[in-house]
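Following: one structure in structure tokens, then a few remarks.
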Amino acid sequence: MNWWQERLKIKKWLNGRSFERQKGDRAPTLILFYSPKCHGCLFTAFPLLLELYRQVDPDKLRFLAIQIHEVPDQFFNERFDLTRVEFPVGLDDELQTYRLFDCSGTPHWFLVDAEGRILHSIFGSDRGSLAKLSYALMEVLGIPVELE
């Protein structure tokens, strides 16, 4: 069993796309832990993750969203159709993966290399957190990434 299989305790993939690492895949992964009940997640983090996916070549950066509550409220469902999200969205309603990553709350971003080493851990959705995320992505990818 590899690092990813050990750390990702996802029982259900909300959009039918599971997270798999291919042998020889060297791209880092951006993971977002979010709650559909969290305002910072709803209005900033999750929309930003969707925008980053459109901006960054998926061969250079893998994307993974992990939702920590099973039943999103109606507002979340109206705002986001997870079946249309093109990267894996997993459900961690028992918080197993959340605890293994030692999350501080939501939204919590992790930039992880192909071997599973956590390169950056960034909590929050305020301007300071997003600036840290931008610098982390620039450091790892070697290209500037616009975050708004």
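The way I read the labels, and the way they are meant: chains A, B, ... in the order of the structure tokens, residue 1 as the first residue of every chain, and ligand 1 as the first ligand shown, with later ones counted on from there.
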
Query raised in the report: Which neighbours of stretch 131-144 of chain A fall inside 7 Å, counting only C-alpha atoms, when residues of the same chain fewer than 4 positions from it are skipped, and could you give them as a list in words?
Result: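 Skipping anything fewer than 4 positions along the chain leaves His120, Ile122 and Arg127 of chain A.
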
Requested in this report: Please provide as a PyMOL selection string all residues within 8 Å of stretch 61-70 of chain A, with the sequence filter that same-chain residues fewer than 4 positions apart are discarded (counting only C-alpha atoms).
Outcome: chain A and resi 19+27-36+53+56-57+87-95+98+141

Report task. Enter the distance from atom CA of A:Gly16 to atom CA of A:Asp81, in Å, rounded to one decimal. Result ->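 Atom-to-atom, atom CA of A:Gly16 and atom CA of A:Asp81 are spaced 12.5 Å apart.
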
Requested in this report: Report as an MDAnalysis selection string: the residues of stretch 32-117 of chain A with a DSSP assignment of strand (DSSP E or B), based on the backbone of this structure.
Outcome: chainID A and resid 32:34 62:67 89:91 108:112

Report task. List every residue of stretch 2-142 of chain A that DSSP, applied to the backbone of this structure, places in alpha helix (DSSP H), and write the result as an NGL selection string. Result -> :A and (3-7 or 39-40 or 46-55 or 74-79 or 96-100 or 127-141)

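Residues lying within 12 Å of A:His39, counting only C-alpha atoms and ignoring same-chain neighbours fewer than 6 positions away, are Ala45, Phe46, Pro47, Asp73, Phe75, Phe76, Thr106, Pro107, Gly124, Ser125 and Asp126 of chain A.
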